[in-house]
Amino acid sequence: MSSKHFETDAIRNQLERSQFQEHSTPLYLTSSFVFDDAEEMRAAFTEENQRNIYSRFSNPNTTEFIEKVVQMEGAEDGYAFATGMAAVFSTFAALLNSGDHIVSARSVFGSTHTLFTKYFPKWNIETSYFDINKPEEIESLIQPSTKILYAESPTNPGVDIIDLELLGEIAKKHNLLLIIDNCFATPYIQQPIKFGADLVIHSATKLMDGQGRVLGGVVVGKSDLVREIYLFSRNTGPALSPFNAWVLSKSLETLAVRVEKHCENALKLAKFLENHAKVSKVKYPFLKSHPQFEIAKKQMKLGGNIIAIEVKGGLEAGKNFLDAIKMCSLSANLGDTRTIVTHPASTTHSKLSMKEQLAAGITPGLVRISVGLEHISDIIEDIKQALIN
Ligand SMILES: *Cc1c(COP(=O)(O)O)cnc(C)c1O
């Protein structure tokens, strides 16, 4: 069923009911499925018959979750993974050969960056990086062996925005696959396929679950590409567990209302911080002061739930701010109901040199806030008292 309304599809698209006529989708916690006879089994294995065989290949709960994301992103097909990183790795590994080349934004998720710099070179796959604020550099990096153009928008932790329409045009002109990690936006806010993306990746761990419970990942896009990724994954085993798929599918029913509220709270907090004397810079896509405000407005429905701020006083001030926080959580996750603050320079990016940190947009006083669903007055109150400290 498709009503073409995001909220309705997210809630009403579900598996067929079993003989028990359950209202909520049941959990199919089973590793395999049974056959009536040898002929039925043969037909399933030769794919003449589309049905579940083994939960590493497919499972009803996983399929329901994938189908919802496929519809939300306007994609053709998809496959779900145990984690966002399994989705990222499997996508590249399935589609690339030794000797292929990637052009990627420099500011990508930390583990994705590690894949590019540490692991892919082992298989003779090299990556060139462009500055997210200088998309005019991209074409000069493209080589005859370039196969994939890769980016995230908004970025982590700098909350920069890249013009997806421009990326789509470049990818088309040079016959590259455009792959977008859409984790920070969610399909409720932004649908990269509309701008020419061939594949869209999500860490479902973040806003899709949205309640800090399970890990998951998903790739959706063109069916021929998804088919390659499916065959690779069916044999290498990064599949999402049926239990996590069941949790995630249920979570998608509330994605729209949650993301609306996350973004409403984030915009209010961003406006408060913009006028605070202890904060030298606030970056939020839907603030007019954001360098790519116009692009954000063009491609995003709302500004997202992540705010980057620069606390005056550098590294020490950033750490002191975190120590003074009372209610918000100090945690490595984001996109949770709970507001989370992190200080990249002393934690996630502390192993990088100062120069590398700056190249990745990590300034010493940079604090990332993943705005949650607590009452906005309480969020502002906590941040405010921590800034005075
Ligand atoms: C968290 C994250 C990932 C990795 O997802 P996991 O579920 O933690 O493996 C990838 N990309 C982005 C943008 C993320 O925020």
# chains A, B, ... in the order shown; residues from 1 in each chain; ligands from 1

call {"tool": "residues_around", "arguments": {"residues": "Ile53 of chain A", "least_positions_apart": "2", "cutoff": "8 Å", "atoms": "only C-alpha atoms", "output": "list in words"}}
result
Ser32, Phe33, Val34, Ala44, Phe45, Arg51, Ser55, Phe57 and Ser58 of chain A

call {"tool": "closest_atom_pairs", "arguments": {"of": "chain A", "to": "ligand 1", "cutoff": "8 Å", "atoms": "only C-alpha atoms and all ligand atoms", "output": "JSON lines"}}
result
{"residue": "A:Ala82", "atom": "CA", "partner": "ligand 1", "partner_atom_place_in_ligand_line": "7 (O)", "distance": 7.7}
{"residue": "A:Thr83", "atom": "CA", "partner": "ligand 1", "partner_atom_place_in_ligand_line": "7 (O)", "distance": 4.0}
{"residue": "A:Gly84", "atom": "CA", "partner": "ligand 1", "partner_atom_place_in_ligand_line": "5 (O)", "distance": 3.4}
{"residue": "A:Met85", "atom": "CA", "partner": "ligand 1", "partner_atom_place_in_ligand_line": "9 (O)", "distance": 3.8}
{"residue": "A:Ala86", "atom": "CA", "partner": "ligand 1", "partner_atom_place_in_ligand_line": "9 (O)", "distance": 6.4}
{"residue": "A:Ala87", "atom": "CA", "partner": "ligand 1", "partner_atom_place_in_ligand_line": "9 (O)", "distance": 7.8}
{"residue": "A:Val88", "atom": "CA", "partner": "ligand 1", "partner_atom_place_in_ligand_line": "10 (C)", "distance": 7.1}
{"residue": "A:Val108", "atom": "CA", "partner": "ligand 1", "partner_atom_place_in_ligand_line": "13 (C)", "distance": 6.9}
{"residue": "A:Phe109", "atom": "CA", "partner": "ligand 1", "partner_atom_place_in_ligand_line": "12 (C)", "distance": 5.0}
{"residue": "A:Ser111", "atom": "CA", "partner": "ligand 1", "partner_atom_place_in_ligand_line": "4 (C)", "distance": 7.2}
{"residue": "A:Thr112", "atom": "CA", "partner": "ligand 1", "partner_atom_place_in_ligand_line": "10 (C)", "distance": 6.9}
{"residue": "A:Glu152", "atom": "CA", "partner": "ligand 1", "partner_atom_place_in_ligand_line": "13 (C)", "distance": 6.5}
{"residue": "A:Thr155", "atom": "CA", "partner": "ligand 1", "partner_atom_place_in_ligand_line": "13 (C)", "distance": 7.1}
{"residue": "A:Asn156", "atom": "CA", "partner": "ligand 1", "partner_atom_place_in_ligand_line": "13 (C)", "distance": 6.4}
{"residue": "A:Asp181", "atom": "CA", "partner": "ligand 1", "partner_atom_place_in_ligand_line": "13 (C)", "distance": 6.0}
{"residue": "A:Asn182", "atom": "CA", "partner": "ligand 1", "partner_atom_place_in_ligand_line": "13 (C)", "distance": 7.0}
{"residue": "A:Cys183", "atom": "CA", "partner": "ligand 1", "partner_atom_place_in_ligand_line": "13 (C)", "distance": 5.1}
{"residue": "A:Phe184", "atom": "CA", "partner": "ligand 1", "partner_atom_place_in_ligand_line": "13 (C)", "distance": 6.1}
{"residue": "A:Ile201", "atom": "CA", "partner": "ligand 1", "partner_atom_place_in_ligand_line": "11 (N)", "distance": 7.9}
{"residue": "A:His202", "atom": "CA", "partner": "ligand 1", "partner_atom_place_in_ligand_line": "11 (N)", "distance": 6.7}
{"residue": "A:Ser203", "atom": "CA", "partner": "ligand 1", "partner_atom_place_in_ligand_line": "5 (O)", "distance": 4.2}
{"residue": "A:Ala204", "atom": "CA", "partner": "ligand 1", "partner_atom_place_in_ligand_line": "7 (O)", "distance": 6.2}
{"residue": "A:Thr205", "atom": "CA", "partner": "ligand 1", "partner_atom_place_in_ligand_line": "7 (O)", "distance": 4.8}
{"residue": "A:Lys206", "atom": "CA", "partner": "ligand 1", "partner_atom_place_in_ligand_line": "1 (C)", "distance": 6.5}
{"residue": "A:Leu215", "atom": "CA", "partner": "ligand 1", "partner_atom_place_in_ligand_line": "7 (O)", "distance": 5.2}
{"residue": "A:Gly216", "atom": "CA", "partner": "ligand 1", "partner_atom_place_in_ligand_line": "7 (O)", "distance": 5.3}
{"residue": "A:Gly217", "atom": "CA", "partner": "ligand 1", "partner_atom_place_in_ligand_line": "7 (O)", "distance": 5.9}
{"residue": "A:Asn333", "atom": "CA", "partner": "ligand 1", "partner_atom_place_in_ligand_line": "1 (C)", "distance": 7.3}
{"residue": "A:Leu334", "atom": "CA", "partner": "ligand 1", "partner_atom_place_in_ligand_line": "15 (O)", "distance": 7.4}

call {"tool": "write_last_selection", "arguments": {"atoms": "C-alpha atoms", "output": "PDB file, in the first residue's frame"}}
result
ATOM      1  CA  ALA A  82      23.761  -5.169  11.527  1.00  0.00           C
ATOM      2  CA  THR A  83      25.288  -1.666  11.761  1.00  0.00           C
ATOM      3  CA  GLY A  84      25.696   1.475   9.716  1.00  0.00           C
ATOM      4  CA  MET A  85      29.362   0.624   9.167  1.00  0.00           C
ATOM      5  CA  ALA A  86      28.456  -2.823   7.821  1.00  0.00           C
ATOM      6  CA  ALA A  87      26.246  -1.003   5.312  1.00  0.00           C
ATOM      7  CA  VAL A  88      29.040   1.403   4.329  1.00  0.00           C
ATOM      8  CA  VAL A 108      32.926  11.876   6.624  1.00  0.00           C
ATOM      9  CA  PHE A 109      32.097   9.681   9.596  1.00  0.00           C
ATOM     10  CA  SER A 111      35.122   4.870  10.687  1.00  0.00           C
ATOM     11  CA  THR A 112      34.279   5.545   7.027  1.00  0.00           C
ATOM     12  CA  GLU A 152      27.408  13.089   3.851  1.00  0.00           C
ATOM     13  CA  THR A 155      28.410  16.461   8.017  1.00  0.00           C
ATOM     14  CA  ASN A 156      29.612  15.196  11.355  1.00  0.00           C
ATOM     15  CA  ASP A 181      25.188   8.778   3.744  1.00  0.00           C
ATOM     16  CA  ASN A 182      21.871  10.384   4.741  1.00  0.00           C
ATOM     17  CA  CYS A 183      22.074   9.484   8.422  1.00  0.00           C
ATOM     18  CA  PHE A 184      22.027  13.024   9.848  1.00  0.00           C
ATOM     19  CA  ILE A 201      23.094   4.706   3.215  1.00  0.00           C
ATOM     20  CA  HIS A 202      21.827   5.048   6.775  1.00  0.00           C
ATOM     21  CA  SER A 203      23.091   4.165  10.171  1.00  0.00           C
ATOM     22  CA  ALA A 204      19.679   3.189  11.562  1.00  0.00           C
ATOM     23  CA  THR A 205      21.308   3.344  15.001  1.00  0.00           C
ATOM     24  CA  LYS A 206      20.792   7.096  15.072  1.00  0.00           C
ATOM     25  CA  LEU A 215      22.364  -0.862  16.051  1.00  0.00           C
ATOM     26  CA  GLY A 216      21.411  -1.187  12.413  1.00  0.00           C
ATOM     27  CA  GLY A 217      22.177  -0.041   8.897  1.00  0.00           C
ATOM     28  CA  ASN A 333      25.658   8.251  20.201  1.00  0.00           C
ATOM     29  CA  LEU A 334      23.452  10.839  18.521  1.00  0.00           C
TER      30      LEU A 334
END

call {"tool": "atom_distance", "arguments": {"atom1": "atom CA of His101 of chain A", "atom2": "atom CA of Glu137 of chain A"}}
result
16.0 Å

call {"tool": "select_by_dssp", "arguments": {"residues": "segment 33-189 of chain A", "states": "strand (DSSP E)", "output": "short mmCIF file (atom, residue, chain, number, x, y, z; two decimals) with C-alpha atoms, in the first residue's frame"}}
result
data_model
loop_
_atom_site.label_atom_id
_atom_site.label_comp_id
_atom_site.auth_asym_id
_atom_site.auth_seq_id
_atom_site.Cartn_x
_atom_site.Cartn_y
_atom_site.Cartn_z
CA ASP A 77 15.23 -1.77 -3.51
CA GLY A 78 17.37 -2.16 -0.39
CA TYR A 79 19.24 -4.40 2.01
CA ALA A 80 19.62 -4.09 5.81
CA PHE A 81 22.74 -4.56 7.92
CA HIS A 101 39.13 5.10 -7.22
CA ILE A 102 36.78 6.99 -4.87
CA VAL A 103 36.25 10.74 -4.65
CA SER A 104 34.91 11.59 -1.21
CA ALA A 105 34.24 14.58 0.96
CA GLU A 126 42.50 4.77 -3.38
CA THR A 127 40.47 7.80 -2.29
CA SER A 128 40.86 11.50 -3.10
CA TYR A 129 39.23 14.07 -0.85
CA PHE A 130 37.51 17.35 -1.49
CA THR A 146 37.02 6.90 -10.44
CA LYS A 147 33.87 4.94 -9.80
CA ILE A 148 32.18 6.44 -6.74
CA LEU A 149 31.44 9.97 -5.55
CA TYR A 150 30.70 9.90 -1.81
CA ALA A 151 29.48 12.45 0.73
CA GLU A 152 27.41 13.09 3.85
CA LEU A 177 27.93 6.31 -8.81
CA LEU A 178 26.74 8.92 -6.31
CA ILE A 179 26.41 7.46 -2.83
CA ILE A 180 25.10 9.61 0.04
CA ASP A 181 25.19 8.78 3.74
#

call {"tool": "residues_around", "arguments": {"residues": "Glu39 of chain A", "least_positions_apart": "6", "cutoff": "12 Å", "atoms": "only C-alpha atoms", "output": "PyMOL selection string"}}
result
chain A and resi 45-46+48-49

call {"tool": "write_last_selection", "arguments": {"atoms": "N, CA and C atoms", "output": "PDB file, in the first residue's frame"}}
result
ATOM      1  N   PHE A  45      15.781 -21.822  -4.061  1.00  0.00           N
ATOM      2  CA  PHE A  45      17.233 -21.630  -4.212  1.00  0.00           C
ATOM      3  C   PHE A  45      17.609 -21.114  -5.587  1.00  0.00           C
ATOM      4  N   THR A  46      16.825 -21.427  -6.598  1.00  0.00           N
ATOM      5  CA  THR A  46      17.123 -20.889  -7.929  1.00  0.00           C
ATOM      6  C   THR A  46      16.431 -19.543  -8.145  1.00  0.00           C
ATOM      7  N   GLU A  48      13.436 -18.833  -8.522  1.00  0.00           N
ATOM      8  CA  GLU A  48      12.205 -18.820  -9.316  1.00  0.00           C
ATOM      9  C   GLU A  48      11.071 -18.398  -8.404  1.00  0.00           C
ATOM     10  N   ASN A  49      11.261 -18.709  -7.151  1.00  0.00           N
ATOM     11  CA  ASN A  49      10.264 -18.475  -6.133  1.00  0.00           C
ATOM     12  C   ASN A  49      10.848 -17.518  -5.091  1.00  0.00           C
TER      13      ASN A  49
END

call {"tool": "closest_residue", "arguments": {"among": "A:Gln211, A:Gln71, A:Gln191, A:Asn265", "to": "Thr8 of chain A", "atoms": "only C-alpha atoms"}}
result
A:Gln71

call {"tool": "residues_around", "arguments": {"residues": "segment 9-12 of chain A", "least_positions_apart": "3", "cutoff": "10 Å", "atoms": "only C-alpha atoms", "output": "MDAnalysis selection string"}}
result
chainID A and resid 1:6 15 65 67:69 71:72 249:256

call {"tool": "residues_around", "arguments": {"residues": "segment 158-170 of chain A", "least_positions_apart": "3", "cutoff": "6 Å", "atoms": "only C-alpha atoms", "output": "PDB file with N, CA, C and O atoms, in the first residue's frame"}}
result
ATOM      1  N   SER A 153      25.681  14.750   4.155  1.00  0.00           N
ATOM      2  CA  SER A 153      25.194  16.119   4.350  1.00  0.00           C
ATOM      3  C   SER A 153      23.921  16.072   5.179  1.00  0.00           C
ATOM      4  O   SER A 153      22.993  15.370   4.801  1.00  0.00           O
ATOM      5  N   PRO A 154      23.869  16.764   6.313  1.00  0.00           N
ATOM      6  CA  PRO A 154      24.914  17.530   6.976  1.00  0.00           C
ATOM      7  C   PRO A 154      26.061  16.623   7.434  1.00  0.00           C
ATOM      8  O   PRO A 154      25.855  15.435   7.649  1.00  0.00           O
ATOM      9  N   THR A 155      27.237  17.243   7.610  1.00  0.00           N
ATOM     10  CA  THR A 155      28.410  16.461   8.017  1.00  0.00           C
ATOM     11  C   THR A 155      28.520  16.371   9.533  1.00  0.00           C
ATOM     12  O   THR A 155      27.892  17.127  10.270  1.00  0.00           O
ATOM     13  N   LYS A 173      27.517  13.602 -15.219  1.00  0.00           N
ATOM     14  CA  LYS A 173      28.437  14.043 -16.287  1.00  0.00           C
ATOM     15  C   LYS A 173      29.622  13.089 -16.434  1.00  0.00           C
ATOM     16  O   LYS A 173      30.071  12.810 -17.538  1.00  0.00           O
ATOM     17  N   PHE A 195      17.895  14.088  -6.008  1.00  0.00           N
ATOM     18  CA  PHE A 195      18.958  14.940  -6.552  1.00  0.00           C
ATOM     19  C   PHE A 195      19.970  14.138  -7.369  1.00  0.00           C
ATOM     20  O   PHE A 195      21.014  14.644  -7.725  1.00  0.00           O
ATOM     21  N   GLY A 196      19.673  12.872  -7.591  1.00  0.00           N
ATOM     22  CA  GLY A 196      20.552  12.082  -8.466  1.00  0.00           C
ATOM     23  C   GLY A 196      21.388  11.024  -7.782  1.00  0.00           C
ATOM     24  O   GLY A 196      22.227  10.392  -8.430  1.00  0.00           O
ATOM     25  N   GLY A 361      37.692  20.098  10.160  1.00  0.00           N
ATOM     26  CA  GLY A 361      36.740  21.068  10.716  1.00  0.00           C
ATOM     27  C   GLY A 361      36.590  20.983  12.227  1.00  0.00           C
ATOM     28  O   GLY A 361      35.631  21.494  12.801  1.00  0.00           O
TER      29      GLY A 361
END

call {"tool": "residues_around", "arguments": {"residues": "Leu358 of chain A", "least_positions_apart": "3", "cutoff": "12 Å", "atoms": "only C-alpha atoms", "output": "mmCIF file with C-alpha atoms, in the first residue's frame"}}
result
data_model
loop_
_atom_site.group_PDB
_atom_site.id
_atom_site.type_symbol
_atom_site.label_atom_id
_atom_site.label_comp_id
_atom_site.auth_asym_id
_atom_site.auth_seq_id
_atom_site.Cartn_x
_atom_site.Cartn_y
_atom_site.Cartn_z
ATOM 1 C CA ARG A 106 37.002 14.909 3.560
ATOM 2 C CA SER A 107 34.565 15.292 6.417
ATOM 3 C CA ASP A 131 36.748 20.102 0.977
ATOM 4 C CA PRO A 157 30.617 16.982 13.547
ATOM 5 C CA GLY A 158 30.926 20.270 11.621
ATOM 6 C CA PRO A 344 35.394 15.915 19.414
ATOM 7 C CA ALA A 345 38.861 17.455 20.012
ATOM 8 C CA HIS A 349 39.178 13.047 17.039
ATOM 9 C CA SER A 350 41.859 13.260 19.770
ATOM 10 C CA LEU A 352 44.472 13.295 14.955
ATOM 11 C CA SER A 353 47.157 15.991 14.907
ATOM 12 C CA MET A 354 46.020 19.581 15.343
ATOM 13 C CA LYS A 355 46.482 20.095 11.586
ATOM 14 C CA GLY A 361 36.740 21.068 10.716
ATOM 15 C CA ILE A 362 37.470 20.175 14.349
ATOM 16 C CA THR A 363 38.447 23.304 16.250
ATOM 17 C CA PRO A 364 39.609 22.976 19.904
ATOM 18 C CA GLY A 365 36.444 24.471 21.385
ATOM 19 C CA LEU A 366 34.007 22.662 19.077
#

call {"tool": "residues_around", "arguments": {"residues": "segment 235-244 of chain A", "least_positions_apart": "3", "cutoff": "7 Å", "atoms": "only C-alpha atoms", "output": "ChimeraX atom specification"}}
result
/A:27-29,56,59,61-62,80-82,86,214,216,231-232,247-248

call {"tool": "closest_residue", "arguments": {"among": "A:Lys271, A:His375, A:Lys351, A:His113", "to": "Leu287 of chain A", "atoms": "only C-alpha atoms"}}
result
A:Lys271
